[in-house]
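Heads up, the thing below is written out as C-alpha cells.
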Amino acid sequence: MTSSAAAKIAALPSLQGVRVLSLALNLPGPAALMRCRQMGATCVKLEPPAGDPMGLYNKPAYAQLHEGVKVLTTDLKSEAGQKVLHRELEKADVLLTSFRPSAVEKLGLGWKKIHSLYPALSHVAIVGAPGVLGEEPGHDLTYMAHYDLVTGLNLPPTLYADMSGSLMASEAVLQATLRRQAPYTGSGDPHPLGAFIEVALSNAAAYLALPRQWGLTQPTGSVGGAHAGYRVYACKDGRAAVAALEPHFAAALCAAAGVATSDIRAMFEPATHKAVAAFMLTQTREQLDKLAEEKDIPLHTLSNE
C-alpha cells in the first residue's frame with residue numbers, strides 16, 4: 001500500500017451530522033479537521049486575510065488538508081469578523097483552535113464566556129503544552145527533543161508530535177460528541193452539553209515516547225537494535241528493513257540466512273547479528289523481496305537515498 005493510499009482510507013461516518021468550526025492554522029489543527037471530515041463531519045474553517053501559512057509554503061499539503069472543507073476569509077480582530085465568527089459559532093457543535101490561551105481570550109473565546117453563550121458547543125483547544133506552559137513558545141521539534149525522540153543532528157523524518165496531536169484532537173471531537181449523545185441518567189445532574197478539552201502537543205510527544213521510556217526502542221531493547229531480526233541492514237543495492245521479531249519469523253529469517261539458532265535468545269547474540277548482516281550483503285533488493293514473499297518474512301527493501 002502506498003503512503004498516499006493509506007492517507008486516503010475512508011473512516012466510518014462516526015461524526016455524521018456534527019459541524020466543526022476551525023480557527024486552527026498550520027498543521028495540527030487542519031490535520032485534525034481533515035480526520036473529522038473523513039469521519040463525516042461538516043467542516044468550516046475561518047482563515048485570516050493573509051491565509052493559512054501552510055497554503056503559502058506547501059500548496060499540495062494545504063489542498064489535501066482542506067479537501068471538502070468550507071473555507072471563509074475573515075479578520076477575527078475586526079467587528080465584521082466577530083460577527084462572522086459568532087454566526088458560525090451559533091451553528092457549530094465543536095470549535096477547534098490552536099492558539100495560545102492568551103490569544104483565545106483576546107478573541108473573546110474564553111471557555112466561560114462561550115459556554116454561557118453557546119451551552120451546547122464544545123471547544124477542543126490544541127496548545128503546545130498543558131496549563132500555564134501553553135504560553136511558552138515551542139514546536140514539534142522541541143517537544144520531540146524534550147522526550148528524547150531526536151537523535152544526533154538529523155531532523156525526525158516526519159512531524160510526529162503535530163500528527164499524533166491532530167489524532168488526539170480528532171479523538172477529543174469524538175469524545176465531546178459522545179458526551180453530548182449520552183442518555184440522561186435522571187441522577188439530578190444537568191444533561192451534559194458542551195465540553196472544553198485541551199490537547200497539548202507536548203503530551204502527544206510524551207505518549208509517543210512511552211516505548212522509549214520503557215526501554216523497548218533503546219539500543220538494548222528488542223525493537224531498538226538488540227534483536228537481530230528487527231533491524232535495518234545494508235544489502236547489495238540498498239537497504240532492508242527487517243521486522244522478524246516473533247520466534248517463527250526469526251526462525252524463517254535465520255533459516256534463509258543459514259544461521260543456526262537454538263532459541264530466541266540467540267537473536268540477541270553478536271554472532272547472529274554478524275551472520276544476518278553478512279547474508280544481507282549478498283542479496284539484492286529484488287532477491288530479498290522474493291525471499292520475503294516465499295518465506296513469509298516481514299521485510300521491506302529501500303533504496304540508499
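Labeling convention for the C-alpha cells: chains A, B, ... as they appear, residues from 1 per chain, ligands from 1 in order of appearance.
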
Would you mind listing what lies within 12 Å of Glu305 of chain A as a list of chain:residue names, with only C-alpha atoms counted and same-chain residues fewer than 6 positions away left out?
A:Asp237, A:Gly238, A:Arg239

Take the residues that were just selected and, keeping N, CA, C and O atoms, output them as a PDB file, in the first residue's frame.
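As a result, out_39.pdb now contains:
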```
ATOM      1  N   ASP A 237      22.172  -3.531  -3.136  1.00  0.00           N
ATOM      2  CA  ASP A 237      21.810  -2.319  -3.865  1.00  0.00           C
ATOM      3  C   ASP A 237      20.856  -1.435  -3.066  1.00  0.00           C
ATOM      4  O   ASP A 237      20.028  -0.719  -3.631  1.00  0.00           O
ATOM      5  N   GLY A 238      20.976  -1.488  -1.754  1.00  0.00           N
ATOM      6  CA  GLY A 238      20.112  -0.640  -0.949  1.00  0.00           C
ATOM      7  C   GLY A 238      20.084  -1.065   0.501  1.00  0.00           C
ATOM      8  O   GLY A 238      21.119  -1.406   1.092  1.00  0.00           O
ATOM      9  N   ARG A 239      18.885  -1.068   1.067  1.00  0.00           N
ATOM     10  CA  ARG A 239      18.717  -1.425   2.475  1.00  0.00           C
ATOM     11  C   ARG A 239      17.507  -2.340   2.622  1.00  0.00           C
ATOM     12  O   ARG A 239      16.648  -2.389   1.741  1.00  0.00           O
TER      13      ARG A 239
END
```

Just the residues within 12 Å of Leu193 of chain A, please, counting only C-alpha atoms, with nothing from its chain fewer than 5 positions along; format it as a ChimeraX atom specification.
/A:93-94,115-116,118-123,175-184

For the strand (DSSP E or B) assignment from backbone DSSP, which residues of segment 84-303 of chain A qualify? Please present them as a ChimeraX atom specification.
/A:94-97,122-127,196-200,230-235,238-243,299-302

In Å to one decimal, how far is atom CA of Leu65 of chain A from atom CA of Pro30 of chain A?
5.9 Å

Apply DSSP to the structure's backbone, then extract all residues of segment 4-157 of chain A labelled alpha helix (DSSP H) and return them as an NGL selection string.
:A and (4-7 or 28-38 or 53-57 or 59-65 or 79-91 or 101-106 or 111-117 or 140-146)

Give me the residues near Val150 of chain A as an MDAnalysis selection string, where near means some atom within 8 Å (using only C-alpha atoms) and where sequence neighbours in that chain fewer than 6 positions away do not count.
chainID A and resid 141 144 156

Which residues, written as a PyMOL selection string, have at least one atom at most 12 Å from Leu208 of chain A, with only C-alpha atoms counted and residues fewer than 4 positions away on the same chain left out?
chain A and resi 143-149+159-165+168+201-204+212-214+217

With C-alpha atoms retained, could you export that selection as a compact mmCIF listing (two decimals), in the first residue's frame?
```txt
# COMPACT_ATOMS: atom_id res chain seq x y z
CA TYR A 143 8.54 18.72 22.09
CA MET A 144 10.15 15.69 20.49
CA ALA A 145 13.58 16.69 21.79
CA HIS A 146 12.21 17.11 25.32
CA TYR A 147 11.19 13.45 25.35
CA ASP A 148 14.46 12.13 23.87
CA LEU A 149 12.97 11.48 20.43
CA LEU A 159 6.23 15.75 12.32
CA TYR A 160 5.34 13.19 14.95
CA ALA A 161 4.02 15.48 17.70
CA ASP A 162 1.92 17.52 15.28
CA MET A 163 0.37 14.50 13.58
CA SER A 164 -0.23 12.49 16.76
CA GLY A 165 -1.59 15.65 18.36
CA MET A 168 -5.73 13.30 19.77
CA LEU A 201 1.29 18.64 21.55
CA SER A 202 3.87 18.03 24.27
CA ASN A 203 1.55 15.37 25.70
CA ALA A 204 1.31 13.81 22.25
CA ARG A 212 11.46 4.59 24.58
CA GLN A 213 10.89 5.19 28.28
CA TRP A 214 10.04 1.52 28.69
CA THR A 217 13.43 1.32 21.47
```

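The environment of Leu245 of chain A within 6 Å, counting only C-alpha atoms and disregarding residues fewer than 2 places along the same chain, consists of Gly229, Tyr230, Ala243 and Ala250 of chain A.
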
Could you please take those selected residues and save C-alpha atoms as a PDB file, in the first residue's frame?
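Here's the written file out_27.pdb:
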```
ATOM      1  CA  GLY A 229      15.537  -9.841  13.448  1.00  0.00           C
ATOM      2  CA  TYR A 230      14.465  -6.239  13.988  1.00  0.00           C
ATOM      3  CA  ALA A 243      10.869  -6.946  11.383  1.00  0.00           C
ATOM      4  CA  ALA A 250      13.010 -15.013  13.373  1.00  0.00           C
TER       5      ALA A 250
END
```

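With only C-alpha atoms as the atoms that count, the minimum distance from Phe196 of chain A to the choices A:Lys112, A:His139, A:Arg100, A:Lys83 is reached by A:Lys112.
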
Compile the contact shell of Gly51 of chain A as a list of chain:residue names: residues with an atom at most 12 Å away, counting only C-alpha atoms, same-chain residues fewer than 4 positions apart removed.
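Counting only C-alpha atoms, the residues come to A:Leu23, A:Ala24, A:Leu25, A:Asn26, A:Lys45, A:Leu46, A:Glu47, A:Gly55, A:Leu56, A:Tyr57, A:Lys59, A:Tyr62, A:Val71, A:Leu72, A:Thr73, A:Thr74, A:Asp75.
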
Using only C-alpha atoms, can you tell me which of A:Pro101, A:Phe279, A:Leu89, A:His66 comes closest to Met54 of chain A?
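Nearest candidate to Met54 of chain A out of A:Pro101, A:Phe279, A:Leu89, A:His66: A:His66.
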
Write out as a ChimeraX atom specification which residues come within 12 Å of Thr282 of chain A when counting only C-alpha atoms, dropping same-chain ones fewer than 5 positions away.
/A:233-239,257,275-277,287-288

Report, in Å with one decimal, the straight-line distance from atom CA of Ala195 of chain A to atom CA of Gln64 of chain A.
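Atom CA of Gln64 of chain A lies 28.9 Å from atom CA of Ala195 of chain A.
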